[in-house]
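The file my_file-v1.cif comes next; it holds mmCIF, C-alpha atoms.
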data_work
loop_
_atom_site.label_atom_id
_atom_site.label_comp_id
_atom_site.auth_asym_id
_atom_site.auth_seq_id
_atom_site.Cartn_x
_atom_site.Cartn_y
_atom_site.Cartn_z
CA MET A 281 94.66 115.23 110.46
CA LYS A 282 91.80 117.15 108.90
CA ALA A 283 90.50 114.06 107.16
CA LEU A 284 90.32 112.05 110.35
CA ALA A 285 88.50 114.66 112.39
CA ALA A 286 86.09 115.27 109.55
CA ALA A 287 85.35 111.57 109.50
CA LEU A 288 84.42 111.66 113.16
CA LEU A 289 82.09 114.57 112.64
CA MET A 290 80.42 113.02 109.62
CA ALA A 291 79.68 109.97 111.73
CA LEU A 292 77.47 112.14 113.92
CA ALA A 293 75.03 112.46 111.04
CA SER A 294 74.38 108.71 110.99
CA PRO A 295 70.67 108.05 111.59
CA GLY A 296 69.37 106.19 114.62
CA ILE A 297 71.86 107.41 117.22
CA ALA A 298 70.35 106.94 120.68
CA LEU A 299 71.18 110.01 122.75
CA ALA A 300 70.25 108.28 126.03
CA GLN A 301 73.08 105.76 125.82
CA PRO A 302 75.88 106.02 128.42
CA SER A 303 79.06 107.96 127.68
CA PRO A 304 82.55 106.38 127.64
CA GLU A 305 84.73 106.72 130.73
CA THR A 306 86.78 109.91 130.95
CA HIS A 307 89.42 111.50 133.21
CA ALA A 308 90.30 114.88 134.69
CA PRO A 309 92.49 117.24 132.60
CA GLN A 310 96.23 116.66 132.92
CA ALA A 311 99.29 118.67 131.90
CA GLY A 312 100.31 116.30 129.12
CA ASP A 313 96.90 115.98 127.46
CA ALA A 314 97.64 118.31 124.51
CA LEU A 315 100.76 116.38 123.55
CA LYS A 316 98.92 113.09 124.04
CA LEU A 317 96.20 114.19 121.64
CA ALA A 318 98.84 115.29 119.13
CA SER A 319 100.40 111.83 119.38
CA LEU A 320 97.02 110.23 118.72
CA LEU A 321 96.56 112.46 115.68
CA ILE A 322 99.93 111.40 114.22
CA PRO A 323 100.61 107.73 115.05
CA GLU A 324 104.28 106.95 114.48
CA ALA A 325 103.56 103.42 113.26
CA GLN A 326 101.52 104.83 110.37
CA ILE A 327 104.16 107.29 109.15
CA PRO A 328 105.87 104.98 106.57
CA THR A 329 102.54 103.88 105.08
CA LEU A 330 101.07 107.36 104.92
CA ILE A 331 104.27 108.91 103.58
CA GLY A 332 104.55 106.23 100.92
CA ALA A 333 100.95 106.63 99.81
CA GLY A 334 101.32 110.38 99.52
CA PHE A 335 104.77 110.37 97.95
CA ARG A 336 104.09 108.06 95.01
CA PRO A 337 101.47 110.27 93.30
CA ALA A 338 103.67 113.33 93.80
CA PHE A 339 106.69 111.50 92.38
CA ALA A 340 104.69 110.36 89.36
CA ALA A 341 103.45 113.90 88.76
CA GLY A 342 106.99 115.21 88.92
CA LEU A 343 108.16 112.70 86.32
CA ALA A 344 105.23 113.50 84.05
CA ALA A 345 106.22 117.16 84.10
CA ASN A 346 109.82 116.42 83.11
CA ALA A 347 110.03 115.02 79.58
CA GLU A 348 113.64 113.89 79.87
CA ALA A 349 113.14 112.11 83.19
CA LYS A 350 109.86 110.59 81.99
CA ALA A 351 111.51 109.13 78.89
CA ARG A 352 114.40 107.75 80.92
CA TYR A 353 112.10 106.02 83.39
CA GLU A 354 109.79 104.69 80.67
CA ALA A 355 112.82 103.12 79.03
CA HIS A 356 113.35 101.05 82.17
CA PRO A 357 110.07 99.41 83.27
CA GLY A 358 109.85 99.04 87.02
CA MET A 359 112.33 101.78 87.83
CA GLN A 360 109.71 104.34 88.82
CA GLU A 361 108.16 102.03 91.41
CA PHE A 362 111.57 100.98 92.73
CA VAL A 363 112.89 104.54 93.09
CA ALA A 364 109.63 105.86 94.55
CA ASP A 365 109.69 103.11 97.17
CA ARG A 366 113.30 103.79 98.17
CA VAL A 367 112.91 107.56 98.34
CA SER A 368 109.61 107.33 100.24
CA GLN A 369 111.41 105.17 102.80
CA ALA A 370 114.02 107.89 103.16
CA VAL A 371 111.30 110.53 103.58
CA ALA A 372 109.57 108.36 106.17
CA ARG A 373 112.78 108.02 108.19
CA LEU A 374 113.29 111.78 108.15
CA ALA A 375 109.64 112.39 109.07
CA THR A 376 109.77 109.90 111.92
CA ALA A 377 112.94 111.47 113.29
CA ASP A 378 111.35 114.93 113.20
CA LEU A 379 107.95 113.76 114.45
CA PRO A 380 108.43 115.20 117.97
CA SER A 381 108.70 118.67 116.40
CA LEU A 382 105.42 118.26 114.52
CA ARG A 383 103.64 116.86 117.55
CA GLU A 384 104.73 119.79 119.70
CA GLN A 385 103.47 122.22 117.08
CA LEU A 386 100.14 120.37 116.91
CA ALA A 387 99.99 120.28 120.69
CA GLN A 388 100.27 124.07 120.69
CA VAL A 389 97.36 124.28 118.25
CA VAL A 390 95.37 122.08 120.60
CA ARG A 391 96.26 124.26 123.60
CA ASP A 392 95.35 127.43 121.71
CA GLU A 393 91.99 126.24 120.39
CA LEU A 394 90.61 123.80 122.97
CA GLU A 395 89.89 124.10 126.66
CA PRO A 396 91.47 121.44 128.92
CA GLN A 397 88.19 119.53 129.27
CA GLU A 398 87.64 119.66 125.51
CA ILE A 399 91.04 118.08 124.98
CA VAL A 400 90.04 115.34 127.42
CA ASP A 401 86.74 114.80 125.59
CA THR A 402 88.56 114.38 122.28
CA ILE A 403 91.12 111.98 123.75
CA THR A 404 88.29 110.00 125.35
CA PHE A 405 86.66 109.55 121.97
CA PHE A 406 89.90 108.72 120.18
CA GLU A 407 90.78 106.08 122.78
CA SER A 408 87.32 104.50 122.88
CA PRO A 409 86.92 101.24 120.93
CA THR A 410 84.90 103.16 118.35
CA GLY A 411 87.50 105.92 118.03
CA VAL A 412 90.34 103.41 117.73
CA LYS A 413 88.43 101.51 115.05
CA MET A 414 87.59 104.63 113.07
CA ARG A 415 91.16 105.97 113.20
CA ALA A 416 92.54 102.60 112.13
CA ARG A 417 90.15 102.40 109.21
CA ALA A 418 90.93 105.95 108.09
CA ASN A 419 94.69 105.42 108.28
CA ALA A 420 94.49 102.06 106.52
CA ALA A 421 92.43 103.53 103.70
CA LEU A 422 94.83 106.44 103.26
CA GLY A 423 97.75 104.04 103.23
CA GLU A 424 96.11 101.75 100.70
CA LYS A 425 94.60 104.31 98.33
CA GLY A 426 96.74 107.37 98.87
CA ALA A 427 95.57 110.89 98.08
CA THR A 428 96.74 113.66 95.78
CA SER A 429 95.14 116.45 97.82
CA ALA A 430 93.85 117.19 101.31
CA GLU A 431 90.30 117.13 99.97
CA GLU A 432 90.71 113.68 98.40
CA GLY A 433 92.35 112.42 101.59
CA GLN A 434 89.43 113.70 103.61
CA LYS A 435 86.94 111.88 101.39
CA ILE A 436 88.87 108.60 101.55
CA ALA A 437 89.23 108.77 105.33
CA VAL A 438 85.60 109.72 105.91
CA GLN A 439 84.26 106.86 103.82
CA ALA A 440 86.49 104.33 105.56
CA ALA A 441 85.97 105.63 109.10
CA VAL A 442 82.19 105.57 109.01
CA ALA A 443 81.84 102.26 107.18
CA ASN A 444 79.97 99.50 109.00
CA LEU A 445 79.25 101.35 112.24
CA THR A 446 77.11 99.38 114.69
CA ALA A 447 74.85 100.21 117.62
CA GLU A 448 77.82 99.59 119.93
CA ASP A 449 79.61 102.54 118.34
CA TYR A 450 76.87 105.08 119.02
CA PRO A 451 77.56 105.91 122.71
CA ALA A 452 81.08 107.16 122.01
CA ILE A 453 80.00 109.00 118.85
CA THR A 454 77.06 110.59 120.64
CA ALA A 455 79.13 111.70 123.63
CA PHE A 456 81.71 113.36 121.43
CA GLY A 457 79.07 114.89 119.18
CA GLN A 458 77.43 116.59 122.14
CA SER A 459 80.71 118.07 123.37
CA SER A 460 81.91 121.59 122.69
CA ALA A 461 85.12 120.04 121.35
CA ALA A 462 83.24 118.61 118.37
CA LYS A 463 81.93 122.05 117.48
CA LYS A 464 85.49 123.43 117.44
CA MET A 465 86.90 120.67 115.25
CA PRO A 466 86.54 122.53 111.91
CA LEU A 467 88.82 125.33 113.14
CA VAL A 468 91.22 122.91 114.79
CA ASN A 469 91.33 120.83 111.58
CA ALA A 470 92.17 123.87 109.47
CA LYS A 471 95.05 124.88 111.74
CA VAL A 472 96.35 121.31 112.04
CA THR A 473 96.39 121.04 108.25
CA GLU A 474 98.20 124.37 107.91
CA VAL A 475 100.84 123.45 110.47
CA SER A 476 101.34 119.97 109.00
CA ARG A 477 101.81 121.30 105.48
CA ALA A 478 104.33 123.88 106.64
CA TRP A 479 106.21 121.22 108.59
CA GLY A 480 106.30 118.90 105.57
CA ALA A 481 107.51 121.67 103.27
CA GLN A 482 110.26 122.63 105.70
CA LEU A 483 111.28 119.00 106.12
CA SER A 484 111.62 118.58 102.35
CA LYS A 485 113.51 121.85 101.97
CA ALA A 486 115.92 121.11 104.79
CA ASN A 487 116.65 117.64 103.44
CA GLY A 488 116.60 118.42 99.72
CA PRO A 489 120.21 117.33 99.05
CA ALA A 490 119.77 114.11 101.04
CA LEU A 491 116.59 113.21 99.16
CA ALA A 492 118.20 113.99 95.81
CA ALA A 493 121.08 111.73 96.76
CA ALA A 494 118.65 108.98 97.80
CA ARG A 495 116.95 109.21 94.41
CA SER A 496 120.24 109.09 92.51
CA ALA A 497 121.39 106.11 94.55
CA ALA A 498 118.13 104.28 93.95
CA GLU A 499 118.30 104.91 90.21
CA ALA A 500 121.87 103.66 90.08
CA GLU A 501 120.99 100.57 92.08
CA PHE A 502 118.06 99.72 89.84
CA LEU A 503 120.08 100.18 86.64
CA ALA A 504 122.93 98.07 88.05
CA LYS A 505 120.53 95.24 88.83
CA ALA A 506 118.90 95.51 85.42
CA LYS A 507 122.16 94.85 83.57
#
Structure encoded using structure tokens:
Amino acid sequence: MKALAAALLMALASPGIALAQPSPETHAPQAGDALKLASLLIPEAQIPTLIGAGFRPAFAAGLAANAEAKARYEAHPGMQEFVADRVSQAVARLATADLPSLREQLAQVVRDELEPQEIVDTITFFESPTGVKMRARANAALGEKGATSAEEGQKIAVQAAVANLTAEDYPAITAFGQSSAAKKMPLVNAKVTEVSRAWGAQLSKANGPALAAARSAAEAEFLAKAK
């Protein structure tokens, strides 16, 4: 979740942060912290929305690059949206089923790049009211607007996450900003993005026939209803 972590770091640049404010409550490092942080990075409930938002632009681009398919879809208004919705649901089901694999891979990135206390510091921020609010805003914005690239996704998430911060948000932001974990986030973000992309590519490759079948079925269903 490069976009999300970048949003948190950008928030540190907000003017007027009072460094003397108290820090959020924390806890001692525990064995399951890396996996817990990975689960916070990839919330299962958001998978369908995020998959759908990312799939539609890619599906549209694929149609635009195929003259025959583009003409066939343009001849049936509404089919592109219908098929994209059905196939994105299929992708979301596959992604959700394979989510434990991605989380374990991300947990290993966390273990490799962060010390136990740094993992705790990041979890503490993510679970603070401010962290929860910022993550929710970032995910909602990505789900609503979508993104055609990691860079665009980062921009969308940053803008949403830092919108309308209040003085009550500053203690958690300040505490995380002063931690060594915050300084390591750029490297962690890069590796998380790399692992996530590889996982997504493998998921698509492994399920290529199933996704092709889902698309064919959706097209047939739409055309049958249109008669």
Quick check on the file I pasted: which residues fall under the PyMOL selection byres ((chain A and resi 398) around 9)? Write them as a PyMOL selection string.
chain A and resi 309+394-397+399-403+459-462
Could you dump the residues just selected with C-alpha atoms as a compact mmCIF listing (two decimals), in the frame of the given file?
# COMPACT_ATOMS: atom_id res chain seq x y z
CA PRO A 309 92.49 117.24 132.60
CA LEU A 394 90.61 123.80 122.97
CA GLU A 395 89.89 124.10 126.66
CA PRO A 396 91.47 121.44 128.92
CA GLN A 397 88.19 119.53 129.27
CA ILE A 399 91.04 118.08 124.98
CA VAL A 400 90.04 115.34 127.42
CA ASP A 401 86.74 114.80 125.59
CA THR A 402 88.56 114.38 122.28
CA ILE A 403 91.12 111.98 123.75
CA SER A 459 80.71 118.07 123.37
CA SER A 460 81.91 121.59 122.69
CA ALA A 461 85.12 120.04 121.35
CA ALA A 462 83.24 118.61 118.37
Do you have, as CSV, the list of residues of region 346-368 of chain A lying at most 10 Å from region 500-506 of chain A, each with its nearest atom pair and that distance in Å to one decimal, counting only C-alpha atoms and ordered by chain then number?
residue,atom,partner,partner_atom,distance
A:His356,CA,A:Leu503,CA,8.1
A:Pro357,CA,A:Ala506,CA,9.9
A:Gly358,CA,A:Phe502,CA,8.7
A:Met359,CA,A:Phe502,CA,6.4
A:Gln360,CA,A:Phe502,CA,9.6
A:Phe362,CA,A:Phe502,CA,7.2
A:Val363,CA,A:Phe502,CA,7.8
For each of A:Ala490, A:Leu315, A:Gln458, A:Lys485, take the minimum atom-to-atom distance to Pro380 (chain A), counting only C-alpha atoms, then give the residue where this is smallest.
A:Leu315
Counting only C-alpha atoms, what is within 8 Å of region 320-333 of chain A, bar same-chain residues fewer than 5 positions away, as a list in words?
Met281, Asp365, Ser368, Gln369, Val371, Ala372, Arg373, Ala375, Thr376, Leu379, Arg383, Ile403, Phe406, Asn419, Leu422, Gly423, Glu424, Lys425, Gly426 and Ala427 of chain A
Check which residues satisfy the PyMOL selection byres ((chain A and resi 471-477) around 8) in the file shown, then give them as a list in words.
Met281, Lys282, Leu382, Gln385, Leu386, Val389, Leu467, Val468, Asn469, Ala470, Ala478, Trp479, Gly480 and Ala481 of chain A
